[in-house]
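Chemist: Supplied structure: query36.cif, mmCIF, C-alpha atoms and all ligand atoms.
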data_entry
loop_
_atom_site.group_PDB
_atom_site.id
_atom_site.type_symbol
_atom_site.label_atom_id
_atom_site.label_comp_id
_atom_site.auth_asym_id
_atom_site.auth_seq_id
_atom_site.Cartn_x
_atom_site.Cartn_y
_atom_site.Cartn_z
ATOM 1 C CA MET A 1 0.000 0.000 0.000
ATOM 2 C CA THR A 2 1.472 3.383 -0.912
ATOM 3 C CA THR A 3 0.771 6.301 1.376
ATOM 4 C CA PRO A 4 2.038 9.890 1.344
ATOM 5 C CA PRO A 5 5.459 10.631 2.886
ATOM 6 C CA VAL A 6 5.529 11.312 6.626
ATOM 7 C CA CYS A 7 7.508 13.892 8.536
ATOM 8 C CA ASN A 8 9.631 11.890 10.938
ATOM 9 C CA TYR A 9 10.777 13.380 14.242
ATOM 10 C CA GLU A 10 12.843 10.260 15.067
ATOM 11 C CA GLY A 11 15.809 11.288 17.212
ATOM 12 C CA SER A 12 14.679 14.942 17.242
ATOM 13 C CA ASP A 13 15.196 17.205 20.268
ATOM 14 C CA TYR A 14 12.063 19.138 19.186
ATOM 15 C CA GLN A 15 10.617 19.221 22.727
ATOM 16 C CA THR A 16 13.754 20.825 24.166
ATOM 17 C CA SER A 17 14.826 23.104 21.332
ATOM 18 C CA PHE A 18 11.393 24.301 20.196
ATOM 19 C CA TRP A 19 9.303 24.273 23.394
ATOM 20 C CA ASP A 20 11.469 24.239 26.504
ATOM 21 C CA LYS A 21 14.202 26.621 25.309
ATOM 22 C CA GLY A 22 12.649 28.166 22.222
ATOM 23 C CA GLY A 23 10.713 31.028 23.835
ATOM 24 C CA ARG A 24 7.348 29.374 23.117
ATOM 25 C CA GLU A 25 5.766 29.833 26.549
ATOM 26 C CA TYR A 26 3.213 32.204 25.039
ATOM 27 C CA GLU A 27 2.148 29.707 22.365
ATOM 28 C CA ASP A 28 2.038 26.843 24.869
ATOM 29 C CA ARG A 29 -0.150 28.732 27.337
ATOM 30 C CA THR A 30 -2.589 29.978 24.688
ATOM 31 C CA GLU A 31 -2.977 26.359 23.500
ATOM 32 C CA ALA A 32 -3.775 25.275 27.053
ATOM 33 C CA ILE A 33 -6.579 27.867 27.161
ATOM 34 C CA ALA A 34 -7.986 26.832 23.781
ATOM 35 C CA LEU A 35 -7.986 23.151 24.768
ATOM 36 C CA LYS A 36 -9.842 23.942 27.968
ATOM 37 C CA ARG A 37 -12.479 25.769 25.938
ATOM 38 C CA LEU A 38 -12.914 23.047 23.332
ATOM 39 C CA LEU A 39 -12.286 19.705 25.015
ATOM 40 C CA PRO A 40 -15.078 17.704 26.669
ATOM 41 C CA PRO A 41 -14.192 17.763 30.406
ATOM 42 C CA SER A 42 -14.283 13.984 30.686
ATOM 43 C CA GLY A 43 -14.672 10.888 28.576
ATOM 44 C CA ARG A 44 -13.625 7.305 28.136
ATOM 45 C CA LEU A 45 -11.018 7.119 25.431
ATOM 46 C CA LEU A 46 -9.044 9.891 23.760
ATOM 47 C CA LEU A 47 -6.711 9.576 20.780
ATOM 48 C CA GLU A 48 -3.883 12.105 20.656
ATOM 49 C CA LEU A 49 -2.533 12.216 17.094
ATOM 50 C CA GLY A 50 1.011 13.550 16.779
ATOM 51 C CA ALA A 51 1.454 13.354 20.545
ATOM 52 C CA GLY A 52 5.221 13.934 20.289
ATOM 53 C CA ALA A 53 6.843 14.050 23.711
ATOM 54 C CA GLY A 54 3.461 14.395 25.437
ATOM 55 C CA ARG A 55 3.497 18.179 25.922
ATOM 56 C CA ASN A 56 -0.312 18.428 25.765
ATOM 57 C CA THR A 57 -1.162 15.037 27.289
ATOM 58 C CA PRO A 58 -1.510 16.277 30.921
ATOM 59 C CA ARG A 59 -4.327 18.502 29.619
ATOM 60 C CA TYR A 60 -6.412 15.404 28.823
ATOM 61 C CA LEU A 61 -6.513 13.900 32.294
ATOM 62 C CA GLY A 62 -10.330 13.985 32.479
ATOM 63 C CA PHE A 63 -10.281 10.947 30.171
ATOM 64 C CA ASP A 64 -10.098 7.394 31.526
ATOM 65 C CA ARG A 65 -7.542 6.393 28.902
ATOM 66 C CA ILE A 66 -5.349 8.214 26.435
ATOM 67 C CA VAL A 67 -3.764 6.698 23.338
ATOM 68 C CA LEU A 68 -0.647 8.641 22.344
ATOM 69 C CA LEU A 69 0.154 8.183 18.664
ATOM 70 C CA ASP A 70 3.231 9.435 16.878
ATOM 71 C CA TYR A 71 5.281 8.276 13.920
ATOM 72 C CA SER A 72 8.480 8.690 15.908
ATOM 73 C CA ARG A 73 9.325 6.066 18.492
ATOM 74 C CA THR A 74 11.906 8.279 20.189
ATOM 75 C CA GLN A 75 9.287 11.015 20.722
ATOM 76 C CA LEU A 76 7.051 8.422 22.408
ATOM 77 C CA GLU A 77 9.958 7.305 24.596
ATOM 78 C CA GLN A 78 10.308 10.910 25.759
ATOM 79 C CA ALA A 79 6.560 10.971 26.472
ATOM 80 C CA GLN A 80 6.915 7.772 28.510
ATOM 81 C CA GLN A 81 9.629 9.394 30.597
ATOM 82 C CA ARG A 82 7.436 12.420 31.192
ATOM 83 C CA LEU A 83 4.160 10.593 31.929
ATOM 84 C CA GLY A 84 5.290 7.227 33.208
ATOM 85 C CA LYS A 85 4.081 3.763 32.274
ATOM 86 C CA SER A 86 0.561 3.246 33.555
ATOM 87 C CA ASP A 87 -2.636 1.680 32.272
ATOM 88 C CA LYS A 88 -3.917 5.163 31.588
ATOM 89 C CA TYR A 89 -1.552 5.684 28.652
ATOM 90 C CA ILE A 90 -1.154 3.552 25.561
ATOM 91 C CA TYR A 91 1.789 4.389 23.316
ATOM 92 C CA VAL A 92 1.466 3.675 19.591
ATOM 93 C CA ALA A 93 3.995 4.322 16.828
ATOM 94 C CA ALA A 94 2.012 4.408 13.578
ATOM 95 C CA ASP A 95 1.426 6.156 10.281
ATOM 96 C CA VAL A 96 -1.576 8.507 10.390
ATOM 97 C CA TYR A 97 -2.550 7.359 6.873
ATOM 98 C CA ARG A 98 -2.897 3.732 8.108
ATOM 99 C CA LEU A 99 -4.342 3.964 11.582
ATOM 100 C CA PRO A 100 -4.291 0.601 13.402
ATOM 101 C CA PHE A 101 -7.603 1.050 15.270
ATOM 102 C CA ILE A 102 -11.041 -0.510 14.816
ATOM 103 C CA ALA A 103 -13.781 1.755 13.444
ATOM 104 C CA GLY A 104 -15.694 4.005 15.819
ATOM 105 C CA LEU A 105 -13.408 3.340 18.791
ATOM 106 C CA PHE A 106 -12.743 6.784 20.249
ATOM 107 C CA ASP A 107 -14.907 9.398 22.037
ATOM 108 C CA THR A 108 -12.506 12.190 21.248
ATOM 109 C CA ALA A 109 -9.437 12.807 19.114
ATOM 110 C CA THR A 110 -6.992 15.703 19.113
ATOM 111 C CA MET A 111 -4.502 16.718 16.427
ATOM 112 C CA ILE A 112 -2.417 19.747 17.423
ATOM 113 C CA ARG A 113 0.447 21.084 15.284
ATOM 114 C CA THR A 114 0.360 17.890 13.274
ATOM 115 C CA LEU A 115 -1.783 18.488 10.167
ATOM 116 C CA HIS A 116 1.000 20.960 9.426
ATOM 117 C CA HIS A 117 3.071 17.961 8.218
ATOM 118 C CA MET A 118 0.424 16.227 6.109
ATOM 119 C CA ALA A 119 1.047 16.089 2.378
ATOM 120 C CA ASP A 120 -2.450 14.596 1.964
ATOM 121 C CA ALA A 121 -4.503 16.301 4.668
ATOM 122 C CA PRO A 122 -7.962 15.035 3.577
ATOM 123 C CA LYS A 123 -6.701 11.458 3.633
ATOM 124 C CA ALA A 124 -5.364 11.862 7.187
ATOM 125 C CA LEU A 125 -8.609 13.535 8.323
ATOM 126 C CA GLY A 126 -10.603 10.664 6.796
ATOM 127 C CA GLN A 127 -8.630 8.204 8.933
ATOM 128 C CA VAL A 128 -9.466 10.231 12.040
ATOM 129 C CA GLN A 129 -13.142 10.270 11.137
ATOM 130 C CA SER A 130 -13.200 6.492 10.727
ATOM 131 C CA VAL A 131 -11.854 5.785 14.232
ATOM 132 C CA LEU A 132 -14.226 8.236 15.950
ATOM 133 C CA GLY A 133 -17.623 7.013 17.087
ATOM 134 C CA SER A 134 -20.970 8.671 16.410
ATOM 135 C CA GLY A 135 -21.051 12.029 18.161
ATOM 136 C CA GLY A 136 -17.269 11.804 18.571
ATOM 137 C CA VAL A 137 -15.436 15.086 19.056
ATOM 138 C CA PHE A 138 -12.386 16.097 17.044
ATOM 139 C CA ILE A 139 -10.171 18.997 18.159
ATOM 140 C CA LEU A 140 -7.996 20.042 15.238
ATOM 141 C CA GLU A 141 -5.299 22.699 15.104
ATOM 142 C CA PHE A 142 -3.969 23.808 11.745
ATOM 143 C CA ALA A 143 -1.479 26.372 10.493
ATOM 144 C CA ASN A 144 -3.301 29.117 8.615
ATOM 145 C CA LYS A 145 -1.930 30.344 5.268
ATOM 146 C CA LEU A 146 -4.342 33.312 5.456
ATOM 147 C CA ASN A 147 -2.448 34.897 8.360
ATOM 148 C CA LEU A 148 -1.911 38.651 8.427
ATOM 149 C CA LYS A 149 1.836 38.412 7.966
ATOM 150 C CA ALA A 150 1.434 36.312 4.813
ATOM 151 C CA VAL A 151 -1.266 38.671 3.517
ATOM 152 C CA PHE A 152 0.995 41.748 3.943
ATOM 153 C CA ARG A 153 4.054 40.007 2.521
ATOM 154 C CA TYR A 154 2.037 38.923 -0.516
ATOM 155 C CA LEU A 155 0.532 42.377 -1.088
ATOM 156 C CA LEU A 156 4.026 43.940 -0.821
ATOM 157 C CA GLY A 157 5.373 41.477 -3.388
ATOM 158 C CA ARG A 158 7.702 39.804 -0.911
ATOM 159 C CA GLN A 159 6.077 36.366 -1.071
ATOM 160 C CA PRO A 160 5.380 34.463 -4.297
ATOM 161 C CA TRP A 161 2.376 32.397 -3.136
ATOM 162 C CA SER A 162 -1.098 33.792 -2.566
ATOM 163 C CA PRO A 163 -2.627 33.396 0.911
ATOM 164 C CA PHE A 164 -6.095 33.792 -0.612
ATOM 165 C CA THR A 165 -6.277 30.592 -2.679
ATOM 166 C CA LEU A 166 -7.589 27.332 -1.263
ATOM 167 C CA GLU A 167 -4.699 24.934 -1.973
ATOM 168 C CA PRO A 168 -2.172 24.200 0.799
ATOM 169 C CA VAL A 169 1.233 25.868 0.594
ATOM 170 C CA GLU A 170 4.385 23.843 1.326
ATOM 171 C CA PHE A 171 6.684 26.601 2.596
ATOM 172 C CA ALA A 172 9.380 24.135 3.696
ATOM 173 C CA LYS A 173 9.740 20.419 3.002
ATOM 174 C CA LEU A 174 6.722 18.633 4.555
ATOM 175 C CA ASN A 175 5.552 21.829 6.275
ATOM 176 C CA PHE A 176 2.159 22.996 5.071
ATOM 177 C CA ASP A 177 -0.123 25.932 5.798
ATOM 178 C CA PHE A 178 -3.824 25.604 4.984
ATOM 179 C CA HIS A 179 -6.676 27.925 4.028
ATOM 180 C CA PRO A 180 -9.403 27.861 6.736
ATOM 181 C CA LYS A 181 -12.094 27.461 4.103
ATOM 182 C CA ALA A 182 -10.368 24.412 2.608
ATOM 183 C CA VAL A 183 -10.111 22.763 6.041
ATOM 184 C CA ARG A 184 -13.798 23.456 6.739
ATOM 185 C CA ARG A 185 -14.712 21.942 3.389
ATOM 186 C CA TRP A 186 -12.697 18.753 4.001
ATOM 187 C CA LEU A 187 -14.258 18.302 7.434
ATOM 188 C CA LYS A 188 -17.782 18.821 6.084
ATOM 189 C CA ASP A 189 -17.226 16.386 3.228
ATOM 190 C CA LEU A 190 -16.186 13.767 5.798
ATOM 191 C CA GLY A 191 -19.420 14.209 7.796
ATOM 192 C CA PHE A 192 -18.077 16.465 10.543
ATOM 193 C CA ALA A 193 -20.123 19.410 11.824
ATOM 194 C CA ILE A 194 -17.952 22.313 12.976
ATOM 195 C CA GLU A 195 -19.112 23.543 16.380
ATOM 196 C CA LYS A 196 -16.506 26.118 17.354
ATOM 197 C CA THR A 197 -13.514 27.919 15.881
ATOM 198 C CA LEU A 198 -10.853 29.749 17.917
ATOM 199 C CA THR A 199 -7.928 31.759 16.572
ATOM 200 C CA LEU A 200 -4.601 31.644 18.421
ATOM 201 C CA SER A 201 -1.277 33.438 18.556
ATOM 202 C CA HIS A 202 -2.587 36.901 17.688
ATOM 203 C CA PHE A 203 0.648 38.302 19.105
ATOM 204 C CA ARG A 204 3.202 35.894 17.660
ATOM 205 C CA VAL A 205 5.513 38.763 16.779
ATOM 206 C CA GLY A 206 9.107 38.711 18.037
ATOM 207 C CA PHE A 207 9.320 42.279 19.366
ATOM 208 C CA LEU A 208 5.935 42.094 21.169
ATOM 209 C CA LYS A 209 7.004 38.876 22.856
ATOM 210 C CA ARG A 210 10.206 40.607 23.987
ATOM 211 C CA ILE A 211 8.735 43.846 25.370
ATOM 212 C CA ILE A 212 5.342 42.736 26.794
ATOM 213 C CA PRO A 213 5.121 40.275 29.715
ATOM 214 C CA THR A 214 3.941 36.841 28.575
ATOM 215 C CA SER A 215 1.001 36.801 31.014
ATOM 216 C CA ILE A 216 -0.435 39.956 29.452
ATOM 217 C CA LEU A 217 -0.069 38.608 25.915
ATOM 218 C CA VAL A 218 -1.687 35.331 26.983
ATOM 219 C CA PHE A 219 -4.588 37.185 28.580
ATOM 220 C CA LEU A 220 -5.161 39.353 25.500
ATOM 221 C CA ASP A 221 -4.926 36.337 23.219
ATOM 222 C CA SER A 222 -7.487 34.509 25.345
ATOM 223 C CA LEU A 223 -9.962 37.349 24.689
ATOM 224 C CA PHE A 224 -9.199 37.519 20.986
ATOM 225 C CA GLN A 225 -9.514 33.732 20.532
ATOM 226 C CA TRP A 226 -13.301 34.045 20.368
ATOM 227 C CA THR A 227 -13.104 36.244 17.245
ATOM 228 C CA GLY A 228 -12.247 33.020 15.408
ATOM 229 C CA ALA A 229 -15.987 32.527 15.098
ATOM 230 C CA TRP A 230 -16.075 35.432 12.616
ATOM 231 C CA TRP A 231 -12.669 35.637 10.903
ATOM 232 C CA GLN A 232 -9.351 33.798 10.948
ATOM 233 C CA PHE A 233 -6.166 35.790 10.276
ATOM 234 C CA THR A 234 -3.843 34.290 12.904
ATOM 235 C CA PRO A 235 -1.082 31.748 12.203
ATOM 236 C CA SER A 236 -2.850 29.066 14.279
ATOM 237 C CA VAL A 237 -6.524 28.020 14.240
ATOM 238 C CA PHE A 238 -8.358 25.506 16.457
ATOM 239 C CA VAL A 239 -11.662 23.911 15.497
ATOM 240 C CA ARG A 240 -13.982 21.621 17.408
ATOM 241 C CA ALA A 241 -15.860 19.304 15.054
ATOM 242 C CA LYS A 242 -18.341 16.559 15.794
ATOM 243 C CA VAL A 243 -19.075 13.363 13.885
ATOM 244 C CA GLU A 244 -22.731 13.543 12.948
ATOM 245 C CA GLY A 245 -24.941 10.506 13.665
ATOM 246 C CA ARG A 246 -24.371 7.613 11.292
ATOM 247 C CA VAL A 247 -24.279 3.863 11.079
ATOM 248 C CA GLU A 248 -20.832 2.450 11.733
ATOM 249 C CA LYS A 249 -19.069 0.427 9.092
ATOM 250 C CA ALA A 250 -16.541 -2.055 10.391
ATOM 251 C CA ASN A 251 -14.721 -4.585 8.251
ATOM 252 C CA GLY A 252 -17.309 -4.110 5.555
ATOM 253 C CA ARG A 253 -20.146 -5.044 7.920
ATOM 254 C CA GLN A 254 -22.833 -2.593 8.843
ATOM 255 C CA MET A 255 -22.772 -2.223 12.583
ATOM 256 C CA ALA A 256 -25.775 -0.445 14.114
ATOM 257 C CA VAL A 257 -24.982 2.240 16.628
ATOM 258 C CA GLY A 258 -26.497 0.341 19.575
ATOM 259 C CA ARG A 259 -24.444 -2.754 18.905
ATOM 260 C CA TRP A 260 -21.396 -0.609 18.445
ATOM 261 C CA LEU A 261 -21.885 0.860 21.922
ATOM 262 C CA ARG A 262 -22.079 -2.614 23.507
ATOM 263 C CA VAL A 263 -18.987 -3.732 21.649
ATOM 264 C CA LYS A 264 -17.280 -0.565 22.780
ATOM 265 C CA ASP A 265 -17.893 -1.448 26.422
ATOM 266 C CA GLU A 266 -16.159 -4.770 25.903
ATOM 267 C CA VAL A 267 -13.379 -3.075 24.008
ATOM 268 C CA ALA A 268 -12.712 -0.411 26.610
ATOM 269 C CA ALA A 269 -12.000 -3.144 29.134
ATOM 270 C CA SER A 270 -9.303 -4.665 26.946
ATOM 271 C CA PRO A 271 -6.877 -2.432 25.024
ATOM 272 C CA MET A 272 -5.759 -5.381 22.877
ATOM 273 C CA LEU A 273 -9.152 -5.179 21.157
ATOM 274 C CA PHE A 274 -8.473 -1.562 20.113
ATOM 275 C CA PHE A 275 -6.234 -2.653 17.298
ATOM 276 C CA LYS A 276 -6.703 -3.801 13.746
ATOM 277 C CA CYS A 277 -4.070 -4.755 11.207
ATOM 278 C CA PRO A 278 -3.064 -1.524 9.420
ATOM 279 C CA ASP A 279 -2.292 -3.477 6.235
ATOM 280 C CA CYS A 280 -5.378 -5.662 5.758
ATOM 281 C CA GLY A 281 -7.817 -4.186 8.304
ATOM 282 C CA HIS A 282 -8.396 -7.484 10.120
ATOM 283 C CA SER A 283 -9.266 -7.516 13.821
ATOM 284 C CA PRO A 284 -8.764 -8.709 16.490
ATOM 285 C CA LEU A 285 -5.016 -9.255 16.461
ATOM 286 C CA MET A 286 -3.558 -12.162 18.410
ATOM 287 C CA GLU A 287 -1.411 -11.292 21.387
ATOM 288 C CA ARG A 288 2.013 -12.970 21.375
ATOM 289 C CA GLU A 289 5.020 -12.423 23.575
ATOM 290 C CA ASN A 290 6.703 -9.523 21.769
ATOM 291 C CA TYR A 291 4.259 -8.797 18.993
ATOM 292 C CA LEU A 292 0.651 -8.812 17.831
ATOM 293 C CA GLU A 293 -0.137 -11.157 14.966
ATOM 294 C CA CYS A 294 -2.715 -10.755 12.215
ATOM 295 C CA SER A 295 -4.381 -14.114 11.591
ATOM 296 C CA ASN A 296 -5.513 -12.940 8.156
ATOM 297 C CA CYS A 297 -2.290 -11.708 6.498
ATOM 298 C CA GLN A 298 0.162 -13.202 9.044
ATOM 299 C CA ARG A 299 1.932 -9.908 9.565
ATOM 300 C CA LYS A 300 3.485 -9.342 12.978
ATOM 301 C CA TRP A 301 3.453 -5.951 14.695
ATOM 302 C CA GLY A 302 6.100 -5.388 17.329
ATOM 303 C CA VAL A 303 5.534 -4.461 20.961
ATOM 304 C CA LYS A 304 8.696 -3.248 22.677
ATOM 305 C CA GLY A 305 9.301 -1.221 25.824
ATOM 306 C CA GLY A 306 5.593 -0.539 26.207
ATOM 307 C CA ILE A 307 5.241 0.873 22.668
ATOM 308 C CA PHE A 308 3.078 -0.759 20.015
ATOM 309 C CA ASP A 309 4.789 -0.347 16.658
ATOM 310 C CA PHE A 310 2.607 -0.462 13.532
ATOM 311 C CA ARG A 311 4.950 1.310 11.122
ATOM 312 C CA GLU A 312 6.566 -1.786 9.582
ATOM 313 C CA PRO A 313 5.847 -5.451 10.326
ATOM 314 C CA VAL A 314 8.607 -7.364 12.127
HETATM 315 ZN ZN ZN B 401 -3.382 -8.225 8.353
#
Let me see the file written as structure tokens.
Modeler:
Amino acid sequence: MTTPPVCNYEGSDYQTSFWDKGGREYEDRTEAIALKRLLPPSGRLLLELGAGAGRNTPRYLGFDRIVLLDYSRTQLEQAQQRLGKSDKYIYVAADVYRLPFIAGLFDTATMIRTLHHMADAPKALGQVQSVLGSGGVFILEFANKLNLKAVFRYLLGRQPWSPFTLEPVEFAKLNFDFHPKAVRRWLKDLGFAIEKTLTLSHFRVGFLKRIIPTSILVFLDSLFQWTGAWWQFTPSVFVRAKVEGRVEKANGRQMAVGRWLRVKDEVAASPMLFFKCPDCGHSPLMERENYLECSNCQRKWGVKGGIFDFREPV
């Protein structure tokens, strides 16, 4: 199966260089506020896509269980160090274009600063939709090509690409900015209803961050976030979307919503039942000593150091 290229943070010190020492306290705190405004306060099972080193994970503690997914195993190892190994967290290394989860599994999914790296965003969003249950909530952050800086640069002739057109712009290898209207359209086409939109990082300007105390910028940003309901000209946009009622499709079978809920109860009690084979879609997988085995295509998916690895079969 061919899927689009992925941006791999394997071996990256992203958490330290970008977040801990990179002067991003303002961005981090405004994200915390947005998540509080958008996230259901509690729930059973949350999928964190592009979890990285688990920077946002402590913000999801109202959920019984959290599945941290990232393509990079070393990022997940950093998350393990930060959060510890407990039944509450399940660590999964996998490709977002081939998610290894059964249909309709999750109550809630988050994808923060991750769509940014998707060469085929609608395909990735479609995968998210398929693993969310009816009424499932999706919190998505995306980088906005229609930000004021890009608009001014374009109008002054200092930037070749137009911020006004709907196609994504790849401004650096595997780094994409998106038009808010395009993202809304993809979500709608997939059966999501958009409930809320917040704009973030109104003051992501170097000299403002240097001369104004972070707390004041964070407070002002928290007020301005609500204007996202009317217009979006900031570099970062959060949306809360909901899967509208539908009949679940699993392994080609039609599964009525009621039955799905009963199955989900069984599933929540046993994380092994969360998974399907990312290559052939078969579930359940058989639990072996150091791997999970697909009885349909015989592929084996490694489990090492508390991390399920679905990137390549062993
Ligand atoms: Zn298989």
Chemist: So, counting all atoms listed in the file, which residue among A:Asn147, A:Lys173, A:Arg82, A:Pro313 is closest to A:Tyr291?
Modeler: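 Between A:Asn147, A:Lys173, A:Arg82, A:Pro313, the residue approaching A:Tyr291 most closely is A:Pro313.
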Chemist: To one decimal place, how far is atom CA of A:Leu115 from atom CA of A:Leu190 in Å?
Modeler: 15.8 Å
Chemist: Select the residues contacting ligand ZN 401 (chain B) at a distance of at most 10 Å, based on all atoms listed in the file, then format the selection as a list in words.
Modeler: Lys276, Cys277, Pro278, Asp279, Cys280, Gly281, His282, Ser283, Pro284, Leu285, Glu293, Cys294, Ser295, Asn296, Cys297, Gln298, Arg299, Lys300, Trp301 and Pro313 of chain A
Chemist: Which of these residues is nearest to A:Ala172, using all atoms listed in the file: A:Val303, A:Glu25, A:Ser134, A:Ala119?
Modeler: A:Ala119
Chemist: The PyMOL selection byres (((chain A and resi 80) around 9) and not hetatm) on the file shown: which residues, as number ranges by chain?
Modeler: A: 53-54, 75-79, 81-85, 89, 91, 306
Chemist: Provide the atom CA of A:Ser130 to atom CA of A:Gly104 distance in Å, to one decimal place.
Modeler: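 About the pair atom CA of A:Ser130 and atom CA of A:Gly104: they are 6.2 Å apart.
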Chemist: Compile the contact shell of A:Arg65 as a list of chain:residue names: residues with an atom at most 12 Å away, counting all atoms listed in the file, same-chain residues fewer than 6 positions apart removed.
Modeler: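 Result of the neighbour search: A:Ser42, A:Gly43, A:Arg44, A:Leu45, A:Leu46, A:Leu47, A:Glu48, A:Thr57, A:Pro58, A:Ser86, A:Asp87, A:Lys88, A:Tyr89, A:Ile90, A:Tyr91, A:Phe106, A:Asp107, A:Thr108, A:Ala109, A:Ala268, A:Ala269, A:Ser270, A:Pro271, A:Phe274.
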Chemist: Using only C-alpha atoms, pick whichever of A:Lys196, A:Arg185, A:Arg73, A:Lys304 has the shortest atom-to-atom distance to A:Gly11.
Modeler: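 Closest to A:Gly11, using only C-alpha atoms: A:Arg73.
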Chemist: Please provide the set of residues having any atom within 10 Å of A:Thr3, restricted to only C-alpha atoms, with same-chain residues fewer than 6 positions apart removed, written as a ChimeraX atom specification.
Modeler: /A:95-98,119-120,123
Chemist: Suppose you want the space between atom CA of A:Lys242 and atom CA of A:Ser201; what is it in Å?
Modeler: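 According to the coordinates, atom CA of A:Lys242 and atom CA of A:Ser201 are separated by 24.2 Å.
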Chemist: Using only C-alpha atoms, which of the listed residues (A:Arg153, A:Arg37, A:Arg29, A:Arg55) sits closest to A:Tyr14?
Modeler: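 With only C-alpha atoms as the atom set, the closest residue is A:Arg55.
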Chemist: Specify as a list in words each residue included when the PyMOL selection byres (((chain A and resi 230) around 10) and not hetatm) is applied to this file.
Modeler: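 This file, filtered by the PyMOL selection byres (((chain A and resi 230) around 10) and not hetatm), leaves Thr197, Leu198, Thr199, Trp226, Thr227, Gly228, Ala229, Trp231 and Gln232 of chain A.
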Chemist: I want to know what sits within 12 Å of A:Ala32, based on all atoms listed in the file, with residues of the same chain fewer than 6 positions away left out; could you give that as a list in words?
Modeler: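 Neighbouring residues, sequence-local ones excluded: Glu25, Tyr26, Leu38, Leu39, Arg55, Asn56, Thr57, Pro58, Arg59, Tyr60, Ile112, Leu200, Val218, Asp221, Ser222 and Phe238 of chain A.
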Chemist: Include C-alpha atoms and write out the residues we just selected as a PDB file, keeping the file's coordinate frame.
Modeler:
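What follows is the written file result.pdb:
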ATOM      1  CA  GLU A  25       5.766  29.833  26.549  1.00  0.00           C
ATOM      2  CA  TYR A  26       3.213  32.204  25.039  1.00  0.00           C
ATOM      3  CA  LEU A  38     -12.914  23.047  23.332  1.00  0.00           C
ATOM      4  CA  LEU A  39     -12.286  19.705  25.015  1.00  0.00           C
ATOM      5  CA  ARG A  55       3.497  18.179  25.922  1.00  0.00           C
ATOM      6  CA  ASN A  56      -0.312  18.428  25.765  1.00  0.00           C
ATOM      7  CA  THR A  57      -1.162  15.037  27.289  1.00  0.00           C
ATOM      8  CA  PRO A  58      -1.510  16.277  30.921  1.00  0.00           C
ATOM      9  CA  ARG A  59      -4.327  18.502  29.619  1.00  0.00           C
ATOM     10  CA  TYR A  60      -6.412  15.404  28.823  1.00  0.00           C
ATOM     11  CA  ILE A 112      -2.417  19.747  17.423  1.00  0.00           C
ATOM     12  CA  LEU A 200      -4.601  31.644  18.421  1.00  0.00           C
ATOM     13  CA  VAL A 218      -1.687  35.331  26.983  1.00  0.00           C
ATOM     14  CA  ASP A 221      -4.926  36.337  23.219  1.00  0.00           C
ATOM     15  CA  SER A 222      -7.487  34.509  25.345  1.00  0.00           C
ATOM     16  CA  PHE A 238      -8.358  25.506  16.457  1.00  0.00           C
TER      17      PHE A 238
END
Chemist: May I have the protein, DNA and RNA residues with an atom at most 10 Å from (-1.7, 7.8, 16.9), counting all atoms listed in the file in the file's coordinates, returned as a list in words?
Modeler: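 Neighbouring residues, ordered by chain and number, come to Leu47, Glu48, Leu49, Gly50, Ala51, Gly52, Val67, Leu68, Leu69, Asp70, Tyr71, Ile90, Tyr91, Val92, Ala93, Ala94, Asp95, Val96, Arg98, Leu99, Pro100, Phe101, Ala109, Thr110, Met111, Val128 and Phe310 of chain A.
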Chemist: Restricting the output to C-alpha atoms, write the selected residues as a PDB file, in the coordinates of the input.
Modeler:
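And here's part_13.pdb as it stands now:
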ATOM      1  CA  LEU A  47      -6.711   9.576  20.780  1.00  0.00           C
ATOM      2  CA  GLU A  48      -3.883  12.105  20.656  1.00  0.00           C
ATOM      3  CA  LEU A  49      -2.533  12.216  17.094  1.00  0.00           C
ATOM      4  CA  GLY A  50       1.011  13.550  16.779  1.00  0.00           C
ATOM      5  CA  ALA A  51       1.454  13.354  20.545  1.00  0.00           C
ATOM      6  CA  GLY A  52       5.221  13.934  20.289  1.00  0.00           C
ATOM      7  CA  VAL A  67      -3.764   6.698  23.338  1.00  0.00           C
ATOM      8  CA  LEU A  68      -0.647   8.641  22.344  1.00  0.00           C
ATOM      9  CA  LEU A  69       0.154   8.183  18.664  1.00  0.00           C
ATOM     10  CA  ASP A  70       3.231   9.435  16.878  1.00  0.00           C
ATOM     11  CA  TYR A  71       5.281   8.276  13.920  1.00  0.00           C
ATOM     12  CA  ILE A  90      -1.154   3.552  25.561  1.00  0.00           C
ATOM     13  CA  TYR A  91       1.789   4.389  23.316  1.00  0.00           C
ATOM     14  CA  VAL A  92       1.466   3.675  19.591  1.00  0.00           C
ATOM     15  CA  ALA A  93       3.995   4.322  16.828  1.00  0.00           C
ATOM     16  CA  ALA A  94       2.012   4.408  13.578  1.00  0.00           C
ATOM     17  CA  ASP A  95       1.426   6.156  10.281  1.00  0.00           C
ATOM     18  CA  VAL A  96      -1.576   8.507  10.390  1.00  0.00           C
ATOM     19  CA  ARG A  98      -2.897   3.732   8.108  1.00  0.00           C
ATOM     20  CA  LEU A  99      -4.342   3.964  11.582  1.00  0.00           C
ATOM     21  CA  PRO A 100      -4.291   0.601  13.402  1.00  0.00           C
ATOM     22  CA  PHE A 101      -7.603   1.050  15.270  1.00  0.00           C
ATOM     23  CA  ALA A 109      -9.437  12.807  19.114  1.00  0.00           C
ATOM     24  CA  THR A 110      -6.992  15.703  19.113  1.00  0.00           C
ATOM     25  CA  MET A 111      -4.502  16.718  16.427  1.00  0.00           C
ATOM     26  CA  VAL A 128      -9.466  10.231  12.040  1.00  0.00           C
ATOM     27  CA  PHE A 310       2.607  -0.462  13.532  1.00  0.00           C
TER      28      PHE A 310
END
Chemist: When you look at A:Phe152 with a cut-off of 12 Å (counting only C-alpha atoms), what residues show up, excluding the ones that are within fewer than 5 positions of it in the same chain? I need them as a list of chain:residue names.
Modeler: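 Returned residues: A:Lys145, A:Leu146, A:Asn147, A:Gly157, A:Arg158, A:Gln159, A:Pro160, A:Trp161, A:Ser162, A:Pro163, A:Phe164, A:Phe233.
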